[in-house]
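*Asks:* Please find upload08.pdb (PDB, C-alpha atoms) on the next line:
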```pdb
ATOM      1  CA  MET P 931     106.281 134.164 100.546  1.00  0.00           C
ATOM      2  CA  GLN P 932     104.062 131.889 102.688  1.00  0.00           C
ATOM      3  CA  LYS P 933     101.422 129.399 101.593  1.00  0.00           C
ATOM      4  CA  PHE P 934      98.001 129.227 103.243  1.00  0.00           C
ATOM      5  CA  SER P 935      95.599 126.280 103.038  1.00  0.00           C
ATOM      6  CA  PHE P 936      91.905 126.474 102.193  1.00  0.00           C
ATOM      7  CA  TYR P 937      89.248 124.065 101.011  1.00  0.00           C
ATOM      8  CA  GLN P 938      86.117 124.348  98.924  1.00  0.00           C
ATOM      9  CA  ASP P 939      82.919 122.347  99.327  1.00  0.00           C
ATOM     10  CA  ARG P 940      80.716 122.164  96.236  1.00  0.00           C
ATOM     11  CA  LYS P 941      77.214 120.733  96.240  1.00  0.00           C
ATOM     12  CA  VAL P 942      76.477 118.549  93.252  1.00  0.00           C
ATOM     13  CA  THR P 943      73.811 116.134  92.160  1.00  0.00           C
ATOM     14  CA  CYS P 944      74.693 112.680  90.903  1.00  0.00           C
ATOM     15  CA  TRP P 945      73.199 109.227  90.559  1.00  0.00           C
ATOM     16  CA  GLU P 946      73.791 106.324  92.927  1.00  0.00           C
ATOM     17  CA  ARG P 947      73.377 102.710  91.834  1.00  0.00           C
ATOM     18  CA  THR P 948      72.020 100.152  94.293  1.00  0.00           C
ATOM     19  CA  ARG P 949      72.072  96.497  93.323  1.00  0.00           C
ATOM     20  CA  PHE P 950      69.516  94.288  95.030  1.00  0.00           C
ATOM     21  CA  GLU P 951      67.825  90.922  94.840  1.00  0.00           C
ATOM     22  CA  VAL P 952      64.142  90.075  95.170  1.00  0.00           C
ATOM     23  CA  LYS P 953      63.093  86.641  96.377  1.00  0.00           C
ATOM     24  CA  ALA P 954      60.131  85.413  94.301  1.00  0.00           C
ATOM     25  CA  GLU P 955      58.744  82.312  92.556  1.00  0.00           C
ATOM     26  CA  ASN P 956      59.752  83.655  89.130  1.00  0.00           C
ATOM     27  CA  TYR P 957      61.057  86.746  87.339  1.00  0.00           C
ATOM     28  CA  GLU P 958      57.587  88.065  86.519  1.00  0.00           C
ATOM     29  CA  GLU P 959      56.617  87.954  90.207  1.00  0.00           C
ATOM     30  CA  ALA P 960      59.853  89.729  91.135  1.00  0.00           C
ATOM     31  CA  VAL P 961      59.109  92.455  88.575  1.00  0.00           C
ATOM     32  CA  ALA P 962      55.589  92.819  89.979  1.00  0.00           C
ATOM     33  CA  ILE P 963      57.022  93.242  93.473  1.00  0.00           C
ATOM     34  CA  VAL P 964      59.418  95.950  92.260  1.00  0.00           C
ATOM     35  CA  LYS P 965      56.627  97.731  90.349  1.00  0.00           C
ATOM     36  CA  SER P 966      54.426  97.678  93.455  1.00  0.00           C
ATOM     37  CA  TRP P 967      56.898 100.046  95.140  1.00  0.00           C
ATOM     38  CA  GLN P 968      55.862 102.752  92.638  1.00  0.00           C
ATOM     39  CA  GLY P 969      59.380 104.216  92.488  1.00  0.00           C
ATOM     40  CA  GLU P 970      60.070 104.156  96.244  1.00  0.00           C
ATOM     41  CA  ASP P 971      63.747 103.946  97.257  1.00  0.00           C
ATOM     42  CA  VAL P 972      64.794 100.305  97.591  1.00  0.00           C
ATOM     43  CA  LEU P 973      67.003 101.311 100.534  1.00  0.00           C
ATOM     44  CA  CYS P 974      63.797 101.937 102.504  1.00  0.00           C
ATOM     45  CA  LEU P 975      62.326  98.581 101.487  1.00  0.00           C
ATOM     46  CA  GLU P 976      65.089  96.110 102.339  1.00  0.00           C
ATOM     47  CA  ASP P 977      63.641  93.574 104.752  1.00  0.00           C
ATOM     48  CA  ASP P 978      66.068  90.600 104.640  1.00  0.00           C
ATOM     49  CA  LYS P 979      63.118  88.343 103.739  1.00  0.00           C
ATOM     50  CA  VAL P 980      62.152  89.386 100.203  1.00  0.00           C
ATOM     51  CA  VAL P 981      64.420  92.327  99.355  1.00  0.00           C
ATOM     52  CA  PHE P 982      68.190  92.118  99.802  1.00  0.00           C
ATOM     53  CA  ILE P 983      70.674  94.930  99.055  1.00  0.00           C
ATOM     54  CA  THR P 984      73.790  93.391  97.515  1.00  0.00           C
ATOM     55  CA  ASP P 985      75.963  96.349  96.481  1.00  0.00           C
ATOM     56  CA  GLY P 986      76.001 100.084  95.930  1.00  0.00           C
ATOM     57  CA  GLU P 987      78.136 102.678  94.211  1.00  0.00           C
ATOM     58  CA  THR P 988      78.158 106.374  93.451  1.00  0.00           C
ATOM     59  CA  LEU P 989      78.234 107.133  89.726  1.00  0.00           C
ATOM     60  CA  TYR P 990      80.700 110.010  89.908  1.00  0.00           C
ATOM     61  CA  GLU P 991      80.697 110.506  86.134  1.00  0.00           C
ATOM     62  CA  THR P 992      77.082 111.695  86.411  1.00  0.00           C
ATOM     63  CA  ALA P 993      77.911 114.521  88.853  1.00  0.00           C
ATOM     64  CA  GLU P 994      76.513 117.917  87.849  1.00  0.00           C
ATOM     65  CA  SER P 995      76.830 121.261  89.599  1.00  0.00           C
ATOM     66  CA  LEU P 996      73.723 122.324  91.491  1.00  0.00           C
ATOM     67  CA  SER P 997      72.464 125.872  91.041  1.00  0.00           C
ATOM     68  CA  ILE P 998      71.548 128.114  93.952  1.00  0.00           C
ATOM     69  CA  GLU P 999      67.966 128.188  92.635  1.00  0.00           C
ATOM     70  CA  ASP P1000      67.760 124.386  92.664  1.00  0.00           C
ATOM     71  CA  ASN P1001      69.141 124.458  96.221  1.00  0.00           C
ATOM     72  CA  GLN P1002      66.274 126.621  97.566  1.00  0.00           C
ATOM     73  CA  GLY P1003      68.395 129.792  97.464  1.00  0.00           C
ATOM     74  CA  GLN P1004      71.186 128.309  99.588  1.00  0.00           C
ATOM     75  CA  PRO P1005      74.852 128.383  98.541  1.00  0.00           C
ATOM     76  CA  THR P1006      76.289 125.537  96.491  1.00  0.00           C
ATOM     77  CA  ILE P1007      79.944 126.566  96.826  1.00  0.00           C
ATOM     78  CA  GLU P1008      81.520 127.344 100.193  1.00  0.00           C
ATOM     79  CA  VAL P1009      85.168 128.152 100.879  1.00  0.00           C
ATOM     80  CA  PHE P1010      86.716 127.535 104.287  1.00  0.00           C
ATOM     81  CA  GLY P1011      90.005 128.370 105.896  1.00  0.00           C
ATOM     82  CA  GLU P1012      92.533 125.885 107.171  1.00  0.00           C
ATOM     83  CA  TYR P1013      90.708 125.501 110.500  1.00  0.00           C
ATOM     84  CA  GLY P1014      87.198 125.312 109.041  1.00  0.00           C
ATOM     85  CA  GLU P1015      86.306 128.995 109.348  1.00  0.00           C
ATOM     86  CA  ASP P1016      83.865 130.345 106.735  1.00  0.00           C
ATOM     87  CA  ILE P1017      85.568 132.537 104.119  1.00  0.00           C
ATOM     88  CA  ILE P1018      82.984 133.044 101.378  1.00  0.00           C
ATOM     89  CA  ASP P1019      80.193 131.291  99.472  1.00  0.00           C
ATOM     90  CA  ASN P1020      78.417 131.822  96.157  1.00  0.00           C
ATOM     91  CA  LYS P1021      75.106 133.058  97.586  1.00  0.00           C
ATOM     92  CA  PRO P1022      74.422 136.485  96.107  1.00  0.00           C
ATOM     93  CA  ASP P1023      74.792 139.353  98.588  1.00  0.00           C
ATOM     94  CA  VAL P1024      71.327 140.936  98.600  1.00  0.00           C
ATOM     95  CA  SER P1025      72.671 144.057 100.348  1.00  0.00           C
ATOM     96  CA  VAL P1026      74.656 144.931  97.184  1.00  0.00           C
ATOM     97  CA  ARG P1027      71.525 145.280  95.045  1.00  0.00           C
TER      98      ARG P1027
END
```
Spit out the file's structure as structure tokens when you get a sec.
*Replies:*
Amino acid sequence: MQKFSFYQDRKVTCWERTRFEVKAENYEEAVAIVKSWQGEDVLCLEDDKVVFITDGETLYETAESLSIEDNQGQPTIEVFGEYGEDIIDNKPDVSVR
């Protein structure tokens, strides 16, 4: 009996942690600077003058499966053959209904 290789890609959602520094006169001023971003991604705000990214990591323990509905109706699991050819995904086949 032969063995055949496949791989599965699965879309998940998880948190990333980005450590950064803010150059300011004091902590309160640094907090005010961060609050002024109103939740904007610090990765878009790094300027090497006031905001400095120091480290980043993916928090793999927070990974959760993503539903097809939360992925705008697109598949969240795809299976491929050894050479990258599409085999199947988890998007419902609307022709079966």
*Asks:* I'd like the contact shell of Glu1012 in chain P - 9 Å cut-off, all atoms listed in the file, skipping same-chain residues fewer than 3 positions apart - returned as a PyMOL selection string.
*Replies:* chain P and resi 934-937+1015
*Asks:* Starting from the shown file, work through the PyMOL selection byres ((chain P and resi 986) around 8) and note down what comes out as a list in words.
*Replies:*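 After applying the PyMOL selection byres ((chain P and resi 986) around 8), what remains is Glu946, Arg947, Thr948, Arg949, Thr984, Asp985, Glu987 and Thr988 of chain P.
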*Asks:* Can you spell out as a PyMOL selection string the set of residues that the PyMOL selection byres ((chain P and resi 1006) around 12) selects in the structure I just provided?
*Replies:* chain P and resi 938-943+994-1005+1007-1009+1018-1022
*Asks:* Quick one: distance from CA of Trp967 in chain P to CA of Val981 in chain P in Å, one decimal?
*Replies:*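 For CA of Trp967 in chain P relative to CA of Val981 in chain P, the distance reads 11.6 Å.
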*Asks:* Residues picked by the PyMOL selection byres ((chain P and resi 953) around 9) here, as a list in words?
*Replies:*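 That expression, the PyMOL selection byres ((chain P and resi 953) around 9), corresponds here to Glu951, Val952, Ala954, Glu955, Asn956, Ala960, Lys979, Val980, Val981 and Phe982 of chain P.
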*Asks:* Create the file for the chosen residues now, containing C-alpha atoms and written as a compact mmCIF listing (two decimals), keeping the file's coordinate frame.
*Replies:*
```
# COMPACT_ATOMS: atom_id res chain seq x y z
CA GLU P 951 67.82 90.92 94.84
CA VAL P 952 64.14 90.08 95.17
CA ALA P 954 60.13 85.41 94.30
CA GLU P 955 58.74 82.31 92.56
CA ASN P 956 59.75 83.66 89.13
CA ALA P 960 59.85 89.73 91.14
CA LYS P 979 63.12 88.34 103.74
CA VAL P 980 62.15 89.39 100.20
CA VAL P 981 64.42 92.33 99.36
CA PHE P 982 68.19 92.12 99.80
```
*Asks:* Can you measure CA of Ser966 in chain P to CA of Trp945 in chain P for me? One decimal in Å is fine.
*Replies:*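 CA of Trp945 in chain P lies at a distance of 22.2 Å from CA of Ser966 in chain P.
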*Asks:* To one decimal in Å, tell me the separation between CA of Asp1016 in chain P and CA of Leu989 in chain P.
*Replies:* 29.3 Å
*Asks:* Taking all atoms listed in the file into account, which of P:Glu958, P:Ala993, P:Phe950, P:Met931 comes nearest Asp978 in chain P?
*Replies:*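 Checking each candidate against Asp978 in chain P, we get P:Phe950 as the closest.
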*Asks:* Edge lengths and centre in Å to one decimal, as AutoDock Vina command-line options, of the axis-aligned box that encloses all listed atoms of range 963-976 of chain P with 8 Å added on every side?
*Replies:*
```
--center_x 60.7 --center_y 98.7 --center_z 96.4 --size_x 28.6 --size_y 27.0 --size_z 28.2
```
*Asks:* Kindly reconstruct range 985-996 of chain P with all heavy atoms and present the result as a PDB file, in the frame of the given file.
*Replies:*
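Okay, part38.pdb is ready:
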```pdb
ATOM      1  N   ASP P 985      74.810  95.490  96.767  1.00  0.00           N
ATOM      2  CA  ASP P 985      75.963  96.349  96.481  1.00  0.00           C
ATOM      3  C   ASP P 985      75.469  97.750  96.163  1.00  0.00           C
ATOM      4  O   ASP P 985      74.299  97.936  95.799  1.00  0.00           O
ATOM      5  CB  ASP P 985      76.742  95.794  95.282  1.00  0.00           C
ATOM      6  CG  ASP P 985      78.100  96.447  95.095  1.00  0.00           C
ATOM      7  OD1 ASP P 985      78.658  96.995  96.067  1.00  0.00           O
ATOM      8  OD2 ASP P 985      78.602  96.431  93.955  1.00  0.00           O
ATOM      9  N   GLY P 986      76.342  98.717  96.289  1.00  0.00           N
ATOM     10  CA  GLY P 986      76.001 100.084  95.930  1.00  0.00           C
ATOM     11  C   GLY P 986      77.236 100.845  95.500  1.00  0.00           C
ATOM     12  O   GLY P 986      78.347 100.522  95.912  1.00  0.00           O
ATOM     13  N   GLU P 987      77.024 101.844  94.655  1.00  0.00           N
ATOM     14  CA  GLU P 987      78.136 102.678  94.211  1.00  0.00           C
ATOM     15  C   GLU P 987      77.608 104.048  93.801  1.00  0.00           C
ATOM     16  O   GLU P 987      76.452 104.192  93.430  1.00  0.00           O
ATOM     17  CB  GLU P 987      78.872 102.031  93.032  1.00  0.00           C
ATOM     18  CG  GLU P 987      78.014 101.853  91.799  1.00  0.00           C
ATOM     19  CD  GLU P 987      78.725 101.148  90.661  1.00  0.00           C
ATOM     20  OE1 GLU P 987      79.786 101.623  90.235  1.00  0.00           O
ATOM     21  OE2 GLU P 987      78.199 100.122  90.193  1.00  0.00           O
ATOM     22  N   THR P 988      78.463 105.037  93.924  1.00  0.00           N
ATOM     23  CA  THR P 988      78.158 106.374  93.451  1.00  0.00           C
ATOM     24  C   THR P 988      78.677 106.496  92.027  1.00  0.00           C
ATOM     25  O   THR P 988      79.831 106.156  91.753  1.00  0.00           O
ATOM     26  CB  THR P 988      78.803 107.443  94.348  1.00  0.00           C
ATOM     27  OG1 THR P 988      78.292 107.279  95.679  1.00  0.00           O
ATOM     28  CG2 THR P 988      78.501 108.842  93.864  1.00  0.00           C
ATOM     29  N   LEU P 989      77.844 106.982  91.132  1.00  0.00           N
ATOM     30  CA  LEU P 989      78.234 107.133  89.726  1.00  0.00           C
ATOM     31  C   LEU P 989      78.805 108.542  89.539  1.00  0.00           C
ATOM     32  O   LEU P 989      78.126 109.458  89.083  1.00  0.00           O
ATOM     33  CB  LEU P 989      77.032 106.879  88.820  1.00  0.00           C
ATOM     34  CG  LEU P 989      76.353 105.513  89.019  1.00  0.00           C
ATOM     35  CD1 LEU P 989      75.122 105.393  88.138  1.00  0.00           C
ATOM     36  CD2 LEU P 989      77.326 104.374  88.767  1.00  0.00           C
ATOM     37  N   TYR P 990      80.056 108.699  89.912  1.00  0.00           N
ATOM     38  CA  TYR P 990      80.700 110.010  89.908  1.00  0.00           C
ATOM     39  C   TYR P 990      80.683 110.693  88.547  1.00  0.00           C
ATOM     40  O   TYR P 990      80.628 111.915  88.465  1.00  0.00           O
ATOM     41  CB  TYR P 990      82.140 109.901  90.429  1.00  0.00           C
ATOM     42  CG  TYR P 990      82.203 109.520  91.881  1.00  0.00           C
ATOM     43  CD1 TYR P 990      82.569 108.238  92.281  1.00  0.00           C
ATOM     44  CD2 TYR P 990      81.877 110.448  92.869  1.00  0.00           C
ATOM     45  CE1 TYR P 990      82.609 107.888  93.617  1.00  0.00           C
ATOM     46  CE2 TYR P 990      81.912 110.105  94.209  1.00  0.00           C
ATOM     47  CZ  TYR P 990      82.282 108.827  94.580  1.00  0.00           C
ATOM     48  OH  TYR P 990      82.320 108.483  95.912  1.00  0.00           O
ATOM     49  N   GLU P 991      80.692 109.909  87.475  1.00  0.00           N
ATOM     50  CA  GLU P 991      80.697 110.506  86.134  1.00  0.00           C
ATOM     51  C   GLU P 991      79.384 111.218  85.814  1.00  0.00           C
ATOM     52  O   GLU P 991      79.304 111.957  84.838  1.00  0.00           O
ATOM     53  CB  GLU P 991      81.022 109.450  85.067  1.00  0.00           C
ATOM     54  CG  GLU P 991      79.970 108.375  84.889  1.00  0.00           C
ATOM     55  CD  GLU P 991      80.052 107.204  85.873  1.00  0.00           C
ATOM     56  OE1 GLU P 991      80.837 107.257  86.829  1.00  0.00           O
ATOM     57  OE2 GLU P 991      79.309 106.235  85.674  1.00  0.00           O
ATOM     58  N   THR P 992      78.360 111.018  86.639  1.00  0.00           N
ATOM     59  CA  THR P 992      77.082 111.695  86.411  1.00  0.00           C
ATOM     60  C   THR P 992      76.954 112.977  87.230  1.00  0.00           C
ATOM     61  O   THR P 992      75.911 113.642  87.173  1.00  0.00           O
ATOM     62  CB  THR P 992      75.891 110.770  86.759  1.00  0.00           C
ATOM     63  OG1 THR P 992      75.870 110.535  88.173  1.00  0.00           O
ATOM     64  CG2 THR P 992      75.982 109.450  85.997  1.00  0.00           C
ATOM     65  N   ALA P 993      77.983 113.340  87.983  1.00  0.00           N
ATOM     66  CA  ALA P 993      77.911 114.521  88.853  1.00  0.00           C
ATOM     67  C   ALA P 993      77.719 115.789  88.028  1.00  0.00           C
ATOM     68  O   ALA P 993      78.376 115.993  87.004  1.00  0.00           O
ATOM     69  CB  ALA P 993      79.176 114.644  89.691  1.00  0.00           C
ATOM     70  N   GLU P 994      76.780 116.627  88.485  1.00  0.00           N
ATOM     71  CA  GLU P 994      76.513 117.917  87.849  1.00  0.00           C
ATOM     72  C   GLU P 994      76.429 118.975  88.942  1.00  0.00           C
ATOM     73  O   GLU P 994      75.876 118.724  90.013  1.00  0.00           O
ATOM     74  CB  GLU P 994      75.191 117.887  87.093  1.00  0.00           C
ATOM     75  CG  GLU P 994      75.166 116.948  85.914  1.00  0.00           C
ATOM     76  CD  GLU P 994      73.813 116.924  85.211  1.00  0.00           C
ATOM     77  OE1 GLU P 994      72.944 117.750  85.541  1.00  0.00           O
ATOM     78  OE2 GLU P 994      73.638 116.076  84.336  1.00  0.00           O
ATOM     79  N   SER P 995      76.933 120.154  88.652  1.00  0.00           N
ATOM     80  CA  SER P 995      76.830 121.261  89.599  1.00  0.00           C
ATOM     81  C   SER P 995      75.367 121.563  89.870  1.00  0.00           C
ATOM     82  O   SER P 995      74.521 121.460  88.986  1.00  0.00           O
ATOM     83  CB  SER P 995      77.518 122.508  89.048  1.00  0.00           C
ATOM     84  OG  SER P 995      78.900 122.280  88.909  1.00  0.00           O
ATOM     85  N   LEU P 996      75.076 121.970  91.081  1.00  0.00           N
ATOM     86  CA  LEU P 996      73.723 122.324  91.491  1.00  0.00           C
ATOM     87  C   LEU P 996      73.639 123.838  91.586  1.00  0.00           C
ATOM     88  O   LEU P 996      74.510 124.477  92.180  1.00  0.00           O
ATOM     89  CB  LEU P 996      73.434 121.686  92.852  1.00  0.00           C
ATOM     90  CG  LEU P 996      72.020 121.745  93.373  1.00  0.00           C
ATOM     91  CD1 LEU P 996      71.078 120.956  92.473  1.00  0.00           C
ATOM     92  CD2 LEU P 996      71.961 121.182  94.791  1.00  0.00           C
TER      93      LEU P 996
END
```
